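Asker: Encoded as structure tokens, here's the structure I'll be asking about.
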Amino acid sequence: MIVAIGGGEVGLNETYEIDKFIVEASKKENPNFLFIPTASKDAPAYVKIIDKLYGELGCKTDTLYLSNIEVDKEEVNQKIENADIIYVGGGNTQYMMKVWEEYGVDKALIRAYKSGKVLTGLSAGSICWFISGHSDSEFIEGVENPRPIWVKGLRLIPYLHCPHYDEPDRVVFDEFYAGQLTDAIAIENQVAIVWNNYEMKVIKSNPDKNAYRLSWTDKGVKKEVLN
């Protein structure tokens, strides 16, 4: 199962109902929870927030650090194998995917999906499960004349993707998406889609927010609200 979260301030409990669903989905009393904060370059404050939240929800928490340290690939695989829930944090998607490829995290996560673990994440941690996603990585890195880019994911959910769909800097997504042959899933903050055996449903922490399915037609972008 994959729970792809569009966004929301975790420290302010904006995704709390979704977080509770994730823990319950593991079907374990005290699930082993693994946080992968690569996209934030292992930001300590972010790790602390996630550790506190999921610890309070009854998880035995652990973190997979991949930035600015020597990494043992065997330990990477072991941590992923031991986890019941794997949560990927937000940040720079492009950086994250490059680091994952270097250490084989991408392949380990695909194996984790096939073995039935609960995979989840927010923003970059949502993009990574799709074919490709609308990313602000160039803005995060501070490159000259930054622009939104497509960043390839693990292709476990067979759609293109836009997180934070209700934020001002994502209003360009419809235009950015134009002409694509593959449908896209756009998710607003405080909303998640649950992908399970090719079935998709929507869960929310905020009933006023939505997720959408976009497709390109000869009349332009067609958009439907998902339930």
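Just remember, in the structure tokens the first chain shown is A, the second B, etc., residues are 1-based per chain, and ligands are 1-based in the order shown.
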Find the spatial neighbours of Phe33 in chain A, counting only C-alpha atoms, within a cut-off of 12 Å - ignore same-chain residues fewer than 4 positions away - and output them as a PyMOL selection string.

Answerer: chain A and resi 19+22-23+26+28-29+50-64+79-88+117-120

Asker: Convert the current residue selection to file output with N, CA, C and O atoms, as a short mmCIF file (atom, residue, chain, number, x, y, z; two decimals), in the first residue's frame.

Answerer:
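Output saved as selection.cif:
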```cif
data_model
loop_
_atom_site.label_atom_id
_atom_site.label_comp_id
_atom_site.auth_asym_id
_atom_site.auth_seq_id
_atom_site.Cartn_x
_atom_site.Cartn_y
_atom_site.Cartn_z
N ASP A 19 -1.98 10.61 9.17
CA ASP A 19 -0.93 9.90 9.91
C ASP A 19 -1.50 8.74 10.72
O ASP A 19 -0.92 7.65 10.77
N ILE A 22 -2.24 5.86 8.43
CA ILE A 22 -1.01 5.17 8.03
C ILE A 22 -0.60 4.13 9.07
O ILE A 22 -0.27 3.00 8.73
N VAL A 23 -0.64 4.52 10.34
CA VAL A 23 -0.27 3.59 11.41
C VAL A 23 -1.25 2.43 11.47
O VAL A 23 -0.85 1.25 11.58
N SER A 26 -0.88 -0.49 8.94
CA SER A 26 0.16 -1.50 9.14
C SER A 26 -0.40 -2.77 9.80
O SER A 26 0.23 -3.83 9.74
N LYS A 28 -0.50 -3.49 12.85
CA LYS A 28 0.38 -3.97 13.92
C LYS A 28 0.21 -3.07 15.15
O LYS A 28 -0.05 -1.88 15.03
N GLU A 29 0.38 -3.69 16.30
CA GLU A 29 0.20 -2.97 17.57
C GLU A 29 1.23 -1.85 17.72
O GLU A 29 0.89 -0.70 18.01
N ILE A 50 8.94 14.28 13.11
CA ILE A 50 8.35 13.01 12.66
C ILE A 50 8.50 11.94 13.74
O ILE A 50 7.58 11.16 14.00
N ASP A 51 9.65 11.90 14.36
CA ASP A 51 9.92 10.91 15.41
C ASP A 51 8.93 11.08 16.57
O ASP A 51 8.38 10.09 17.08
N LYS A 52 8.68 12.32 16.95
CA LYS A 52 7.74 12.59 18.05
C LYS A 52 6.32 12.19 17.66
O LYS A 52 5.62 11.51 18.42
N LEU A 53 5.88 12.58 16.48
CA LEU A 53 4.52 12.31 16.03
C LEU A 53 4.24 10.81 15.97
O LEU A 53 3.27 10.32 16.54
N TYR A 54 5.11 10.09 15.26
CA TYR A 54 4.85 8.67 15.07
C TYR A 54 5.17 7.85 16.31
O TYR A 54 4.58 6.78 16.51
N GLY A 55 6.04 8.34 17.16
CA GLY A 55 6.25 7.71 18.46
C GLY A 55 4.99 7.79 19.30
O GLY A 55 4.57 6.81 19.93
N GLU A 56 4.34 8.96 19.29
CA GLU A 56 3.11 9.15 20.04
C GLU A 56 1.95 8.33 19.47
O GLU A 56 0.99 8.01 20.18
N LEU A 57 2.06 7.99 18.19
CA LEU A 57 1.03 7.15 17.56
C LEU A 57 1.31 5.65 17.77
O LEU A 57 0.61 4.81 17.20
N GLY A 58 2.33 5.35 18.56
CA GLY A 58 2.57 3.96 18.95
C GLY A 58 3.62 3.22 18.16
O GLY A 58 3.78 2.00 18.31
N CYS A 59 4.39 3.93 17.33
CA CYS A 59 5.40 3.28 16.50
C CYS A 59 6.75 3.21 17.20
O CYS A 59 7.08 4.05 18.05
N LYS A 60 7.52 2.21 16.82
CA LYS A 60 8.94 2.15 17.18
C LYS A 60 9.69 2.82 16.03
O LYS A 60 9.77 2.26 14.94
N THR A 61 10.20 4.01 16.27
CA THR A 61 10.71 4.84 15.17
C THR A 61 12.21 4.69 14.95
O THR A 61 12.99 4.47 15.88
N ASP A 62 12.60 4.84 13.68
CA ASP A 62 13.99 4.81 13.28
C ASP A 62 14.14 5.74 12.08
O ASP A 62 13.16 6.09 11.42
N THR A 63 15.36 6.15 11.80
CA THR A 63 15.64 7.07 10.68
C THR A 63 16.77 6.51 9.82
O THR A 63 17.74 5.98 10.35
N LEU A 64 16.60 6.63 8.51
CA LEU A 64 17.66 6.24 7.57
C LEU A 64 18.36 7.51 7.09
O LEU A 64 17.82 8.28 6.31
N LYS A 79 17.52 -1.84 7.29
CA LYS A 79 16.53 -0.92 7.88
C LYS A 79 15.22 -0.95 7.10
O LYS A 79 14.13 -0.94 7.70
N ILE A 80 15.32 -0.96 5.78
CA ILE A 80 14.11 -0.98 4.95
C ILE A 80 13.37 -2.31 5.11
O ILE A 80 12.14 -2.35 5.22
N GLU A 81 14.11 -3.40 5.16
CA GLU A 81 13.49 -4.72 5.34
C GLU A 81 12.80 -4.84 6.70
O GLU A 81 11.75 -5.49 6.82
N ASN A 82 13.38 -4.23 7.73
CA ASN A 82 12.83 -4.34 9.08
C ASN A 82 11.59 -3.49 9.31
O ASN A 82 10.85 -3.69 10.29
N ALA A 83 11.35 -2.50 8.45
CA ALA A 83 10.26 -1.55 8.66
C ALA A 83 8.91 -2.12 8.26
O ALA A 83 8.79 -2.86 7.28
N ASP A 84 7.87 -1.74 9.01
CA ASP A 84 6.49 -2.01 8.62
C ASP A 84 5.91 -0.82 7.86
O ASP A 84 5.07 -0.98 6.97
N ILE A 85 6.36 0.38 8.26
CA ILE A 85 5.94 1.63 7.62
C ILE A 85 7.20 2.39 7.21
O ILE A 85 8.12 2.54 8.01
N ILE A 86 7.21 2.88 5.98
CA ILE A 86 8.34 3.68 5.50
C ILE A 86 7.80 5.03 5.03
O ILE A 86 6.96 5.10 4.13
N TYR A 87 8.27 6.10 5.67
CA TYR A 87 7.78 7.46 5.42
C TYR A 87 8.92 8.28 4.81
O TYR A 87 9.98 8.43 5.41
N VAL A 88 8.68 8.83 3.62
CA VAL A 88 9.67 9.64 2.92
C VAL A 88 9.33 11.12 3.10
O VAL A 88 8.21 11.55 2.79
N LYS A 117 4.66 -3.77 2.47
CA LYS A 117 4.84 -2.75 3.51
C LYS A 117 3.98 -1.51 3.19
O LYS A 117 3.59 -1.30 2.05
N VAL A 118 3.74 -0.70 4.21
CA VAL A 118 3.03 0.57 4.02
C VAL A 118 4.08 1.63 3.66
O VAL A 118 4.96 1.93 4.45
N LEU A 119 3.97 2.17 2.47
CA LEU A 119 4.88 3.22 2.00
C LEU A 119 4.12 4.54 1.96
O LEU A 119 2.97 4.59 1.52
N THR A 120 4.76 5.60 2.40
CA THR A 120 4.07 6.88 2.45
C THR A 120 5.07 8.03 2.35
O THR A 120 6.28 7.81 2.29
#
```

Asker: What lies within 6 Å of Gly91 in chain A using only C-alpha atoms, ignoring chain neighbours under 5 positions off, as an NGL selection string?

Answerer: :A and (39-40 or 124)

Asker: Pick out the closest residue to Pro168 in chain A from this set: A:Thr15, A:Asn77, A:Ser132, A:Asn189. Count only C-alpha atoms.

Answerer: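 Of A:Thr15, A:Asn77, A:Ser132, A:Asn189, the one nearest Pro168 in chain A, counting only C-alpha atoms, is A:Asn189.
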
Asker: Compile the contact shell of Lys152 in chain A as a list of chain:residue names: residues with an atom at most 10 Å away, counting only C-alpha atoms, same-chain residues fewer than 6 positions apart removed.

Answerer: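 My list of contacting residues is A:Thr93, A:Gln94, A:Met97, A:Ile127, A:Cys128, A:Trp129, A:Phe130, A:Ile131, A:Ser132, A:Gly133, A:His134, A:Ser135, A:Leu160.
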
Asker: Using only C-alpha atoms, find the one residue out of A:Ala184, A:Asn92, A:Asp136, A:Lys204 that sits nearest to Trp216 in chain A.

Answerer: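 Smallest distance to Trp216 in chain A is found for A:Ala184.
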
Asker: Based on the backbone DSSP call, show me all residues of range 10-219 of chain A assigned alpha helix (DSSP H), as a PyMOL selection string.

Answerer: chain A and resi 16-25+44-56+73-82+93-103+105-114+124-127+137-141+173-177

Asker: For a test of reading the model, state the distance in Å between CA of Pro207 in chain A and CA of Leu12 in chain A, rounded to one decimal.

Answerer: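 Interatomic distance, CA of Pro207 in chain A to CA of Leu12 in chain A: 16.8 Å.
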
Asker: For range 66-73 of chain A, work out the shell of residues within 7 Å, counting only C-alpha atoms and skipping chain neighbours fewer than 4 positions away, then give it as a VMD selection string.

Answerer: chain A and resid 38 41 to 42 77 103

Asker: Could you dump the residues just selected with all heavy atoms as a tab-separated table (two decimals), in the first residue's frame?

Answerer:
```
chain	number	residue	atom	x	y	z
A	38	THR	N	15.89	12.12	3.22
A	38	THR	CA	16.94	12.48	2.26
A	38	THR	C	16.68	13.82	1.58
A	38	THR	O	17.60	14.62	1.39
A	38	THR	CB	17.09	11.39	1.18
A	38	THR	OG1	17.03	10.11	1.78
A	38	THR	CG2	18.38	11.56	0.41
A	41	LYS	N	17.94	16.72	3.20
A	41	LYS	CA	19.34	16.50	3.58
A	41	LYS	C	19.46	16.17	5.06
A	41	LYS	O	20.34	16.66	5.78
A	41	LYS	CB	20.21	17.69	3.17
A	41	LYS	CG	20.19	17.92	1.65
A	41	LYS	CD	21.14	19.00	1.17
A	41	LYS	CE	21.07	19.11	-0.35
A	41	LYS	NZ	21.91	20.20	-0.89
A	42	ASP	N	18.50	15.34	5.50
A	42	ASP	CA	18.48	14.81	6.87
A	42	ASP	C	18.38	15.91	7.92
A	42	ASP	O	19.03	15.86	8.97
A	42	ASP	CB	19.72	13.94	7.14
A	42	ASP	CG	19.79	12.71	6.25
A	42	ASP	OD1	18.77	12.35	5.65
A	42	ASP	OD2	20.88	12.12	6.15
A	77	ASN	N	19.65	-1.60	3.41
A	77	ASN	CA	18.72	-2.68	3.07
A	77	ASN	C	18.07	-3.27	4.32
A	77	ASN	O	16.87	-3.57	4.32
A	77	ASN	CB	19.45	-3.77	2.28
A	77	ASN	CG	19.79	-3.34	0.87
A	77	ASN	OD1	19.04	-2.59	0.25
A	77	ASN	ND2	20.91	-3.79	0.36
A	103	TYR	N	22.79	4.61	-3.52
A	103	TYR	CA	22.83	3.64	-2.44
A	103	TYR	C	21.84	2.48	-2.59
A	103	TYR	O	21.70	1.66	-1.69
A	103	TYR	CB	22.60	4.33	-1.09
A	103	TYR	CG	23.70	5.29	-0.75
A	103	TYR	CD1	23.47	6.67	-0.68
A	103	TYR	CD2	25.00	4.84	-0.50
A	103	TYR	CE1	24.49	7.55	-0.37
A	103	TYR	CE2	26.03	5.72	-0.20
A	103	TYR	CZ	25.77	7.06	-0.14
A	103	TYR	OH	26.78	7.94	0.16
```

Asker: Identify which of the residues A:Leu122, A:Gly90, A:Ser215, A:Leu109 lies closest to Gln190 in chain A, counting only C-alpha atoms when measuring atom-to-atom distances.

Answerer: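 Result for the nearest residue to Gln190 in chain A: A:Leu122.
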
Asker: Within 6 Å of Ile5 in chain A, counting only C-alpha atoms, which residues show up once you throw out same-chain ones fewer than 3 positions away? Write them as an MDAnalysis selection string, please.

Answerer: chainID A and resid 121:122 126 191:192

Asker: Running DSSP on the backbone, which parts of range 156-205 of chain A land in strand (DSSP E or B), as a list of chain:residue names?

Answerer: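 In range 156-205 of chain A, DSSP puts these residues in strand (DSSP E or B): A:Ile157, A:Pro158, A:Tyr159, A:Leu160, A:His161, A:Cys162, A:Ala184, A:Ile185, A:Ala186, A:Ile187, A:Val191, A:Ala192, A:Ile193, A:Val194, A:Trp195, A:Asn196, A:Glu199, A:Met200, A:Lys201, A:Val202, A:Ile203, A:Lys204.
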